[in-house]
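> Please find coords-v4.cif (mmCIF, C-alpha atoms and all ligand atoms) on the next line:
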```
data_my_file
loop_
_atom_site.group_PDB
_atom_site.id
_atom_site.type_symbol
_atom_site.label_atom_id
_atom_site.label_comp_id
_atom_site.auth_asym_id
_atom_site.auth_seq_id
_atom_site.Cartn_x
_atom_site.Cartn_y
_atom_site.Cartn_z
ATOM 1 C CA MET Z 270 238.157 31.247 15.062
ATOM 2 C CA ARG Z 271 238.751 31.265 18.824
ATOM 3 C CA GLY Z 272 239.140 27.933 20.547
ATOM 4 C CA PHE Z 273 237.209 29.028 23.635
ATOM 5 C CA ARG Z 274 233.820 30.438 24.555
ATOM 6 C CA GLU Z 275 233.838 33.890 26.100
ATOM 7 C CA ILE Z 276 231.083 34.083 28.715
ATOM 8 C CA VAL Z 277 230.488 37.475 30.333
ATOM 9 C CA VAL Z 278 228.432 37.455 33.520
ATOM 10 C CA ILE Z 279 226.467 40.693 33.698
ATOM 11 C CA SER Z 280 223.653 42.284 35.694
ATOM 12 C CA GLY Z 281 221.448 45.237 34.883
ATOM 13 C CA LYS Z 282 222.514 46.769 38.201
ATOM 14 C CA GLY Z 283 224.741 46.117 41.224
ATOM 15 C CA GLY Z 284 223.772 43.858 44.126
ATOM 16 C CA THR Z 285 222.186 40.969 42.188
ATOM 17 C CA GLY Z 286 224.831 38.441 43.254
ATOM 18 C CA LYS Z 287 226.625 38.540 39.883
ATOM 19 C CA THR Z 288 230.126 38.157 41.324
ATOM 20 C CA SER Z 289 229.107 35.366 43.742
ATOM 21 C CA VAL Z 290 227.590 33.432 40.835
ATOM 22 C CA CYS Z 291 230.683 34.097 38.719
ATOM 23 C CA ALA Z 292 232.923 32.773 41.525
ATOM 24 C CA ALA Z 293 230.653 29.719 41.833
ATOM 25 C CA PHE Z 294 231.065 29.088 38.078
ATOM 26 C CA ALA Z 295 234.839 29.611 38.318
ATOM 27 C CA ALA Z 296 234.983 26.764 40.872
ATOM 28 C CA LEU Z 297 232.967 24.482 38.555
ATOM 29 C CA ALA Z 298 234.739 25.336 35.298
ATOM 30 C CA ARG Z 299 237.425 23.088 33.942
ATOM 31 C CA LYS Z 300 240.127 24.543 31.685
ATOM 32 C CA ALA Z 301 238.886 28.114 32.138
ATOM 33 C CA VAL Z 302 240.636 31.456 32.393
ATOM 34 C CA VAL Z 303 238.793 33.912 34.656
ATOM 35 C CA CYS Z 304 238.817 37.686 34.147
ATOM 36 C CA ASP Z 305 237.425 40.347 36.502
ATOM 37 C CA LEU Z 306 236.137 43.126 34.239
ATOM 38 C CA ASP Z 307 234.237 44.901 37.028
ATOM 39 C CA VAL Z 308 237.209 47.263 37.265
ATOM 40 C CA ASP Z 309 235.456 50.036 39.192
ATOM 41 C CA VAL Z 310 234.613 47.680 42.079
ATOM 42 C CA PRO Z 311 236.625 44.477 41.567
ATOM 43 C CA ASP Z 312 235.903 41.846 44.221
ATOM 44 C CA LEU Z 313 236.383 38.456 42.578
ATOM 45 C CA HIS Z 314 239.883 38.401 44.089
ATOM 46 C CA ILE Z 315 238.336 38.261 47.599
ATOM 47 C CA VAL Z 316 237.138 34.715 46.859
ATOM 48 C CA LEU Z 317 239.841 33.618 44.419
ATOM 49 C CA SER Z 318 242.820 34.791 46.594
ATOM 50 C CA PRO Z 319 245.138 35.384 43.616
ATOM 51 C CA THR Z 320 248.936 35.201 43.704
ATOM 52 C CA PRO Z 321 250.192 37.658 41.065
ATOM 53 C CA ARG Z 322 252.529 36.218 38.430
ATOM 54 C CA GLU Z 323 252.994 39.628 36.812
ATOM 55 C CA THR Z 324 251.716 43.164 37.517
ATOM 56 C CA HIS Z 325 251.672 46.171 35.178
ATOM 57 C CA ASP Z 326 250.917 49.876 35.542
ATOM 58 C CA PHE Z 327 247.847 51.114 33.743
ATOM 59 C CA LEU Z 328 248.482 54.573 32.330
ATOM 60 C CA GLY Z 329 245.577 56.443 30.877
ATOM 61 C CA GLY Z 330 244.661 60.063 30.264
ATOM 62 C CA ASN Z 331 247.007 62.999 30.773
ATOM 63 C CA LYS Z 332 247.052 65.446 33.661
ATOM 64 C CA ALA Z 333 248.569 68.943 33.740
ATOM 65 C CA VAL Z 334 251.506 69.535 36.110
ATOM 66 C CA ILE Z 335 252.923 73.035 36.688
ATOM 67 C CA ASP Z 336 256.708 73.466 36.930
ATOM 68 C CA GLN Z 337 256.995 75.950 39.793
ATOM 69 C CA GLN Z 338 260.520 77.023 38.699
ATOM 70 C CA ALA Z 339 259.364 78.044 35.213
ATOM 71 C CA CYS Z 340 255.985 79.522 36.225
ATOM 72 C CA VAL Z 341 255.811 83.350 36.497
ATOM 73 C CA GLN Z 342 252.424 83.292 38.295
ATOM 74 C CA CYS Z 343 250.564 85.140 35.522
ATOM 75 C CA GLY Z 344 247.364 83.232 36.369
ATOM 76 C CA GLN Z 345 246.321 82.648 32.741
ATOM 77 C CA CYS Z 346 246.002 78.898 33.222
ATOM 78 C CA ARG Z 347 243.525 79.403 36.036
ATOM 79 C CA GLU Z 348 241.438 81.733 33.873
ATOM 80 C CA LEU Z 349 241.569 79.340 30.915
ATOM 81 C CA CYS Z 350 240.659 76.173 32.791
ATOM 82 C CA ARG Z 351 236.907 75.698 32.467
ATOM 83 C CA PHE Z 352 236.986 72.809 34.949
ATOM 84 C CA GLY Z 353 238.302 74.918 37.839
ATOM 85 C CA ALA Z 354 241.237 72.545 38.188
ATOM 86 C CA VAL Z 355 243.944 75.209 38.591
ATOM 87 C CA LEU Z 356 244.166 76.419 42.167
ATOM 88 C CA GLU Z 357 245.991 79.450 43.547
ATOM 89 C CA ARG Z 358 247.698 79.065 46.911
ATOM 90 C CA ASP Z 359 249.711 81.914 48.424
ATOM 91 C CA GLY Z 360 250.350 83.446 44.998
ATOM 92 C CA SER Z 361 251.480 80.205 43.301
ATOM 93 C CA PHE Z 362 249.435 77.969 41.012
ATOM 94 C CA GLU Z 363 248.944 74.218 41.057
ATOM 95 C CA VAL Z 364 246.678 71.671 39.396
ATOM 96 C CA ASP Z 365 244.131 69.605 41.305
ATOM 97 C CA THR Z 366 244.689 66.267 39.528
ATOM 98 C CA LEU Z 367 241.267 64.935 40.533
ATOM 99 C CA ALA Z 368 239.541 67.941 38.903
ATOM 100 C CA CYS Z 369 241.821 68.073 35.818
ATOM 101 C CA GLU Z 370 239.999 66.668 32.793
ATOM 102 C CA GLY Z 371 243.182 66.504 30.707
ATOM 103 C CA CYS Z 372 241.981 68.859 27.950
ATOM 104 C CA GLY Z 373 245.511 70.300 27.508
ATOM 105 C CA VAL Z 374 244.377 73.930 27.019
ATOM 106 C CA CYS Z 375 246.555 75.273 29.844
ATOM 107 C CA GLN Z 376 249.638 73.519 28.503
ATOM 108 C CA THR Z 377 249.090 74.826 24.981
ATOM 109 C CA LEU Z 378 248.538 78.422 26.060
ATOM 110 C CA CYS Z 379 250.944 78.865 28.987
ATOM 111 C CA PRO Z 380 253.272 81.739 27.871
ATOM 112 C CA GLN Z 381 256.221 80.180 29.733
ATOM 113 C CA GLN Z 382 255.724 76.546 28.612
ATOM 114 C CA ALA Z 383 255.699 75.825 32.318
ATOM 115 C CA ILE Z 384 253.099 73.076 32.173
ATOM 116 C CA ALA Z 385 253.931 69.434 31.530
ATOM 117 C CA PHE Z 386 251.257 66.953 30.437
ATOM 118 C CA PRO Z 387 252.370 63.458 31.456
ATOM 119 C CA GLU Z 388 250.245 60.310 31.347
ATOM 120 C CA ALA Z 389 248.676 59.597 34.720
ATOM 121 C CA LEU Z 390 248.897 56.316 36.640
ATOM 122 C CA CYS Z 391 245.265 55.152 36.730
ATOM 123 C CA GLY Z 392 245.841 51.772 38.350
ATOM 124 C CA THR Z 393 247.534 48.404 38.011
ATOM 125 C CA TRP Z 394 246.543 45.115 36.402
ATOM 126 C CA SER Z 395 247.793 41.603 37.028
ATOM 127 C CA VAL Z 396 247.849 38.072 35.708
ATOM 128 C CA SER Z 397 247.583 35.799 38.739
ATOM 129 C CA ALA Z 398 247.439 32.155 39.742
ATOM 130 C CA THR Z 399 244.429 30.962 41.768
ATOM 131 C CA ARG Z 400 243.160 27.555 42.923
ATOM 132 C CA PHE Z 401 240.734 27.679 39.968
ATOM 133 C CA GLY Z 402 243.353 28.623 37.351
ATOM 134 C CA THR Z 403 244.511 31.910 35.867
ATOM 135 C CA LEU Z 404 242.822 35.185 36.878
ATOM 136 C CA VAL Z 405 243.339 38.448 34.970
ATOM 137 C CA HIS Z 406 242.280 41.410 37.128
ATOM 138 C CA ALA Z 407 242.947 45.059 37.939
ATOM 139 C CA GLN Z 408 242.749 47.749 40.557
ATOM 140 C CA LEU Z 409 241.954 51.340 39.574
ATOM 141 C CA VAL Z 410 243.328 54.218 41.650
ATOM 142 C CA PRO Z 411 240.283 55.722 43.488
ATOM 143 C CA GLY Z 412 238.788 58.593 41.504
ATOM 144 C CA GLN Z 413 240.477 57.577 38.238
ATOM 145 C CA GLU Z 414 238.450 56.941 35.128
ATOM 146 C CA ASN Z 415 239.190 55.225 31.780
ATOM 147 C CA SER Z 416 237.624 52.018 33.051
ATOM 148 C CA GLY Z 417 236.426 51.170 29.498
ATOM 149 C CA LYS Z 418 240.028 51.316 28.263
ATOM 150 C CA LEU Z 419 241.214 49.179 31.193
ATOM 151 C CA VAL Z 420 238.515 46.596 30.410
ATOM 152 C CA GLN Z 421 239.925 46.368 26.872
ATOM 153 C CA VAL Z 422 243.437 45.829 28.242
ATOM 154 C CA LEU Z 423 242.211 43.031 30.532
ATOM 155 C CA LYS Z 424 240.151 41.329 27.832
ATOM 156 C CA THR Z 425 243.000 41.363 25.342
ATOM 157 C CA ARG Z 426 245.350 39.796 27.869
ATOM 158 C CA ALA Z 427 242.779 37.288 29.134
ATOM 159 C CA ARG Z 428 242.128 36.128 25.553
ATOM 160 C CA GLU Z 429 245.872 35.660 25.021
ATOM 161 C CA GLU Z 430 246.036 33.585 28.218
ATOM 162 C CA ALA Z 431 243.025 31.498 27.183
ATOM 163 C CA GLU Z 432 244.614 30.746 23.785
ATOM 164 C CA LYS Z 433 248.001 29.994 25.345
ATOM 165 C CA GLU Z 434 246.541 27.621 27.956
ATOM 166 C CA GLY Z 435 244.160 25.936 25.481
ATOM 167 C CA ALA Z 436 241.223 26.943 27.721
ATOM 168 C CA SER Z 437 237.728 26.006 26.615
ATOM 169 C CA ILE Z 438 236.127 28.926 28.474
ATOM 170 C CA LEU Z 439 237.021 32.528 29.228
ATOM 171 C CA LEU Z 440 234.760 33.420 32.147
ATOM 172 C CA CYS Z 441 234.432 37.166 32.733
ATOM 173 C CA ASP Z 442 232.813 39.017 35.611
ATOM 174 C CA GLY Z 443 231.385 42.003 33.722
ATOM 175 C CA SER Z 444 230.515 45.468 34.989
ATOM 176 C CA PRO Z 445 227.033 46.188 36.335
ATOM 177 C CA GLY Z 446 224.680 48.614 34.561
ATOM 178 C CA ILE Z 447 224.778 49.560 30.876
ATOM 179 C CA GLY Z 448 227.564 52.177 30.743
ATOM 180 C CA CYS Z 449 230.863 52.274 28.870
ATOM 181 C CA PRO Z 450 232.598 49.551 30.974
ATOM 182 C CA VAL Z 451 229.813 47.007 30.405
ATOM 183 C CA ILE Z 452 229.775 47.718 26.669
ATOM 184 C CA ALA Z 453 233.548 47.176 26.640
ATOM 185 C CA SER Z 454 233.029 43.960 28.685
ATOM 186 C CA LEU Z 455 230.536 42.615 26.160
ATOM 187 C CA SER Z 456 232.449 43.397 22.997
ATOM 188 C CA GLY Z 457 233.339 40.155 21.219
ATOM 189 C CA ALA Z 458 231.630 37.938 23.843
ATOM 190 C CA SER Z 459 230.121 34.568 22.863
ATOM 191 C CA LEU Z 460 227.401 34.851 25.479
ATOM 192 C CA ALA Z 461 226.115 37.309 28.086
ATOM 193 C CA CYS Z 462 224.899 35.501 31.190
ATOM 194 C CA ALA Z 463 222.657 37.888 33.154
ATOM 195 C CA VAL Z 464 222.214 37.383 36.891
ATOM 196 C CA VAL Z 465 219.032 39.237 37.793
ATOM 197 C CA GLU Z 466 216.891 39.878 40.855
ATOM 198 C CA PRO Z 467 213.154 39.110 40.863
ATOM 199 C CA THR Z 468 211.740 42.617 41.151
ATOM 200 C CA LEU Z 469 209.985 45.009 38.793
ATOM 201 C CA SER Z 470 213.046 47.257 38.688
ATOM 202 C CA GLY Z 471 215.197 44.141 38.099
ATOM 203 C CA LEU Z 472 213.070 43.353 35.061
ATOM 204 C CA HIS Z 473 213.444 46.910 33.771
ATOM 205 C CA ASP Z 474 217.246 46.888 34.337
ATOM 206 C CA PHE Z 475 217.521 43.550 32.552
ATOM 207 C CA GLN Z 476 215.582 44.803 29.526
ATOM 208 C CA ARG Z 477 217.999 47.714 29.183
ATOM 209 C CA VAL Z 478 221.102 45.525 29.303
ATOM 210 C CA ALA Z 479 219.472 42.937 27.019
ATOM 211 C CA GLY Z 480 218.904 45.814 24.552
ATOM 212 C CA VAL Z 481 222.650 46.523 24.592
ATOM 213 C CA CYS Z 482 223.351 42.820 23.922
ATOM 214 C CA ARG Z 483 220.851 42.811 21.042
ATOM 215 C CA GLN Z 484 222.655 45.762 19.445
ATOM 216 C CA PHE Z 485 225.910 43.815 19.500
ATOM 217 C CA ARG Z 486 224.176 40.536 18.509
ATOM 218 C CA ILE Z 487 225.329 38.807 21.676
ATOM 219 C CA PRO Z 488 223.039 35.983 22.837
ATOM 220 C CA VAL Z 489 221.683 36.275 26.354
ATOM 221 C CA ALA Z 490 221.084 33.654 29.034
ATOM 222 C CA VAL Z 491 219.307 34.470 32.301
ATOM 223 C CA ILE Z 492 219.618 33.304 35.914
ATOM 224 C CA VAL Z 493 217.164 34.628 38.496
ATOM 225 C CA ASN Z 494 218.909 34.880 41.846
ATOM 226 C CA ARG Z 495 216.956 34.723 45.142
ATOM 227 C CA ALA Z 496 213.984 33.704 42.998
ATOM 228 C CA ASP Z 497 211.863 32.434 45.907
ATOM 229 C CA LEU Z 498 211.703 35.945 47.386
ATOM 230 C CA ASN Z 499 209.319 36.930 44.569
ATOM 231 C CA PRO Z 500 208.155 33.907 42.524
ATOM 232 C CA GLU Z 501 205.749 36.062 40.506
ATOM 233 C CA ALA Z 502 208.525 38.365 39.260
ATOM 234 C CA ALA Z 503 210.753 35.321 38.636
ATOM 235 C CA GLY Z 504 207.940 33.958 36.449
ATOM 236 C CA GLU Z 505 207.926 37.226 34.494
ATOM 237 C CA PHE Z 506 211.583 36.658 33.614
ATOM 238 C CA ARG Z 507 210.789 33.163 32.399
ATOM 239 C CA LYS Z 508 208.010 34.539 30.140
ATOM 240 C CA LEU Z 509 210.199 37.385 28.887
ATOM 241 C CA CYS Z 510 212.967 34.931 27.951
ATOM 242 C CA SER Z 511 210.534 32.753 26.071
ATOM 243 C CA ARG Z 512 209.145 35.808 24.222
ATOM 244 C CA GLU Z 513 212.500 37.378 23.367
ATOM 245 C CA GLY Z 514 214.469 34.188 22.603
ATOM 246 C CA HIS Z 515 216.821 34.395 25.583
ATOM 247 C CA ALA Z 516 217.917 31.152 27.241
ATOM 248 C CA PHE Z 517 216.373 30.798 30.702
ATOM 249 C CA LEU Z 518 219.020 28.899 32.671
ATOM 250 C CA GLY Z 519 217.173 28.628 35.955
ATOM 251 C CA GLU Z 520 216.465 30.041 39.391
ATOM 252 C CA ILE Z 521 218.641 30.125 42.503
ATOM 253 C CA PRO Z 522 216.729 30.298 45.794
ATOM 254 C CA PHE Z 523 217.810 32.633 48.568
ATOM 255 C CA ASP Z 524 220.386 30.750 50.605
ATOM 256 C CA PRO Z 525 222.528 32.002 53.537
ATOM 257 C CA ALA Z 526 225.242 29.657 52.177
ATOM 258 C CA PHE Z 527 226.148 32.426 49.692
ATOM 259 C CA PRO Z 528 227.158 35.120 52.232
ATOM 260 C CA GLN Z 529 228.645 32.445 54.530
ATOM 261 C CA ALA Z 530 230.906 31.175 51.741
ATOM 262 C CA CYS Z 531 231.922 34.747 50.914
ATOM 263 C CA VAL Z 532 232.892 35.447 54.551
ATOM 264 C CA GLN Z 533 235.045 32.276 54.482
ATOM 265 C CA GLY Z 534 236.696 33.382 51.195
ATOM 266 C CA LEU Z 535 235.109 30.469 49.314
ATOM 267 C CA ALA Z 536 232.988 30.069 46.202
ATOM 268 C CA VAL Z 537 229.613 28.654 47.233
ATOM 269 C CA THR Z 538 230.117 25.636 44.944
ATOM 270 C CA GLU Z 539 233.175 24.561 46.946
ATOM 271 C CA ARG Z 540 230.671 23.157 49.463
ATOM 272 C CA ASP Z 541 227.768 20.785 48.857
ATOM 273 C CA GLY Z 542 224.103 21.608 49.464
ATOM 274 C CA PRO Z 543 220.781 22.139 47.657
ATOM 275 C CA CYS Z 544 221.707 25.619 46.400
ATOM 276 C CA GLN Z 545 225.091 24.385 45.177
ATOM 277 C CA ARG Z 546 223.449 21.507 43.296
ATOM 278 C CA ARG Z 547 221.090 23.997 41.646
ATOM 279 C CA ILE Z 548 224.048 26.109 40.491
ATOM 280 C CA ARG Z 549 225.775 23.012 39.081
ATOM 281 C CA GLN Z 550 222.628 22.269 37.103
ATOM 282 C CA ILE Z 551 222.560 25.846 35.764
ATOM 283 C CA TRP Z 552 226.245 25.623 34.830
ATOM 284 C CA ASP Z 553 225.618 22.367 32.936
ATOM 285 C CA ARG Z 554 222.741 24.002 31.057
ATOM 286 C CA LEU Z 555 224.940 26.939 30.184
ATOM 287 C CA LEU Z 556 227.611 24.626 28.769
ATOM 288 C CA ALA Z 557 224.948 22.759 26.779
ATOM 289 C CA LEU Z 558 223.741 25.863 24.892
ATOM 290 C CA ASP Z 559 223.834 25.508 21.125
ATOM 291 C CA PRO Z 560 227.418 26.396 20.050
ATOM 292 C CA ALA Z 561 226.307 27.224 16.472
ATOM 293 C CA ALA Z 562 223.854 29.777 17.827
ATOM 294 C CA LEU Z 563 226.542 31.151 20.119
ATOM 295 C CA ARG Z 564 228.798 31.733 17.122
ATOM 296 C CA GLY Z 565 225.939 33.398 15.207
ATOM 297 C CA GLN Z 566 226.018 30.674 12.536
ATOM 298 C CA ARG Z 567 222.362 29.761 12.925
ATOM 299 C CA GLN Z 568 219.591 32.111 11.821
ATOM 300 C CA GLY Z 569 216.438 32.840 13.826
ATOM 301 C CA PRO Z 570 216.293 33.084 17.594
ATOM 302 C CA LEU Z 571 219.847 33.172 18.928
ATOM 303 C CA LEU Z 572 219.206 30.540 21.545
ATOM 304 C CA LYS Z 573 216.564 27.908 22.081
ATOM 305 C CA PRO Z 574 214.872 28.669 25.406
ATOM 306 C CA LEU Z 575 215.493 25.947 27.974
ATOM 307 C CA SER Z 576 212.644 24.617 30.083
HETATM 308 S S1 LIG I 1 249.883 80.114 32.620
HETATM 309 FE FE1 LIG I 1 251.908 79.214 32.910
HETATM 310 S S2 LIG I 1 253.143 80.852 33.752
HETATM 311 FE FE2 LIG I 1 251.032 81.496 33.962
HETATM 312 S S3 LIG I 1 250.449 80.813 36.032
HETATM 313 FE FE3 LIG I 1 249.900 79.212 34.660
HETATM 314 S S4 LIG I 1 251.682 77.848 34.653
HETATM 315 FE FE4 LIG I 1 252.344 79.769 35.498
HETATM 316 S S1 LIG I 2 244.553 70.219 31.240
HETATM 317 FE FE1 LIG I 2 242.572 71.258 30.980
HETATM 318 S S2 LIG I 2 241.406 70.549 32.741
HETATM 319 FE FE2 LIG I 2 243.525 70.133 33.228
HETATM 320 S S3 LIG I 2 244.205 71.912 34.331
HETATM 321 FE FE3 LIG I 2 244.713 72.259 32.175
HETATM 322 S S4 LIG I 2 242.997 73.396 31.359
HETATM 323 FE FE4 LIG I 2 242.341 72.504 33.292
#
```
Using structure tokens, write down the structure from this file.

Amino acid sequence: MRGFREIVVISGKGGTGKTSVCAAFAALARKAVVCDLDVDVPDLHIVLSPTPRETHDFLGGNKAVIDQQACVQCGQCRELCRFGAVLERDGSFEVDTLACEGCGVCQTLCPQQAIAFPEALCGTWSVSATRFGTLVHAQLVPGQENSGKLVQVLKTRAREEAEKEGASILLCDGSPGIGCPVIASLSGASLACAVVEPTLSGLHDFQRVAGVCRQFRIPVAVIVNRADLNPEAAGEFRKLCSREGHAFLGEIPFDPAFPQACVQGLAVTERDGPCQRRIRQIWDRLLALDPAALRGQRQGPLLKPLS
């Protein structure tokens, strides 16, 4: 059994304040390893200002490359490529790496064996030191995919770091939405902590991501951000949590301290104020959730709803 809880902060969609809340938690956590799994748009590093201890290439997927010396310009590869990735320029052929889907057909059928199929550099990932402890994070090359695979790489390494450091918490900033990266983010998590916005569409987005968590039997806790902008919708979240057995952790009011802290490169909980005290309270509630339920050892509702 792991010696740490793996908490993945998620949102049904972008723009709910997920990363700001995650950074605020990172500042409050003691003995935590932090991992930025939002690999398509990573921005936790803006607040955490990491100093890399080690950096690695992330290779993923193969791309066709034509050897111009061996090519006899027969044009078969261009005809065979159903993605339109082989371009002809002044009688010679080359592959548009952004359009190449890596199917390998051109390489297999080129009569001159003039096409190589190397692994492509999709990005880099690092293990870094920050003022809050270790951060595992990555940067994808723009336009590159395989973000689900990169999430797996980061999680594996972050878990190793958490074990090595004897951390009690692995705090992950998950991907927004419900696609492949968020499913990869959630796999093996102890708890999904959803940061949601109080709107009708926010409620709908949350229900979709909560459905994904249910499939993987991952308990869900909910924080409504900017709750005072729509108290009625915030109340709907509270009722939904009570109905579905999610833990309602609390509401954060709209507070300009959030963007101000971000501009200064700080987590909002590095300063004191009413909003910061509310987040501390939410963090304490999160830590107090029933560990047996988190490990799936108790039957019935996964978590007792908190008042
Ligand atoms: S199929 Fe091979 S030889 Fe023909 S154009 Fe393409 S790379 Fe060149
Ligand atoms: S590997 Fe597939 S997608 Fe890429 S250029 Fe060749 S045929 Fe087209």
> For the structure provided, state which residues fall under the PyMOL selection byres (((chain Z and resi 352) around 9) and not hetatm), and present them as a short mmCIF file (atom, residue, chain, number, x, y, z; two decimals) with C-alpha atoms, in the frame of the given file.

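In the end it all went to result.cif:
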```cif
data_model
loop_
_atom_site.label_atom_id
_atom_site.label_comp_id
_atom_site.auth_asym_id
_atom_site.auth_seq_id
_atom_site.Cartn_x
_atom_site.Cartn_y
_atom_site.Cartn_z
CA LEU Z 349 241.57 79.34 30.92
CA CYS Z 350 240.66 76.17 32.79
CA ARG Z 351 236.91 75.70 32.47
CA GLY Z 353 238.30 74.92 37.84
CA ALA Z 354 241.24 72.54 38.19
CA VAL Z 355 243.94 75.21 38.59
CA ALA Z 368 239.54 67.94 38.90
CA CYS Z 369 241.82 68.07 35.82
CA GLU Z 370 240.00 66.67 32.79
#
```
> What's the separation between CA of Ala496 (chain Z) and CA of Pro525 (chain Z), in Å to one decimal place?
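Computing the Euclidean distance for CA of Ala496 (chain Z) and CA of Pro525 (chain Z) yields 13.7 Å.
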> Could you report the residues within 9 Å of ligand LIG 1 (chain I), using only C-alpha atoms and all ligand atoms, as number ranges by chain?
Z: 334-337, 339-349, 355, 357, 361-363, 375-376, 378-384
> Hey, can you check how far CA of Cys391 (chain Z) sits from CA of Ser289 (chain Z)?
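Answer for the CA of Cys391 (chain Z) to CA of Ser289 (chain Z) separation: 26.5 Å.
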> What does the distance from CA of Arg483 (chain Z) to CA of Ser437 (chain Z) come to in Å, to one decimal?
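CA of Ser437 (chain Z) lies 24.5 Å from CA of Arg483 (chain Z).
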> Evaluated on this file, the PyMOL selection byres (((chain Z and resi 325) around 12) and not hetatm) picks out some residues - which ones are they, written as a ChimeraX atom specification?
/Z:321-324,326-328,390-397,405-409,419,422-423,426
> From the list Z:Gly373, Z:Gly286, Z:Gly360, Z:Gly329, which residue is nearest ligand LIG 2 (chain I) when using only C-alpha atoms and all ligand atoms?
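Using only C-alpha atoms and all ligand atoms, ligand LIG 2 (chain I) sits closest to Z:Gly373.
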> List as a VMD selection string the protein and nucleic acid residues near region 497-506 of chain Z, meaning an atom at most 9 Å away when all atoms listed in the file are counted, but skip any in the same chain fewer than 6 places from it.
chain Z and resid 465 to 469 471 to 472 491 517 520 to 523
> Return as a ChimeraX atom specification the set of residues that the PyMOL selection byres (((chain Z and resi 421) around 12) and not hetatm) yields on the displayed structure.
/Z:304-308,327,394,405-407,415-420,422-428,443,449-457
> May I have the centre and edge lengths, in Å to one decimal, of an axis-aligned box around the listed atoms of ligand LIG 2 (chain I) with 4 Å added to every side, as lines of an AutoDock Vina configuration file?

```
center_x = 243.1
center_y = 71.8
center_z = 32.7
size_x = 11.3
size_y = 11.3
size_z = 11.4
```
> Here is a test: counting all atoms listed in the file, which residue of Z:Gln484, Z:Thr288, Z:Thr538, Z:Gln545 is nearest to Pro311 (chain Z)?
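Checking each of Z:Gln484, Z:Thr288, Z:Thr538, Z:Gln545 against Pro311 (chain Z), counting all atoms listed in the file, the winner is Z:Thr288.
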> Name all residues at most 8 Å from Ile315 (chain Z) (count only C-alpha atoms; drop same-chain ones fewer than 3 positions away) and give them as a list in words.
Asp312, Ser318 and Gly534 of chain Z
> Return the single residue from Z:Pro319, Z:Gly330, Z:Gly519, Z:Gly514 that is closest to Val493 (chain Z), with distances computed using all atoms listed in the file.
Z:Gly519
> Need the shell around Ala436 (chain Z): protein/DNA/RNA residues with any atom at most 12 Å away, counting all atoms listed in the file. Skip same-chain ones fewer than 5 positions apart. Format as a PyMOL selection string?
chain Z and resi 271-275+298-303+402-403+427-431
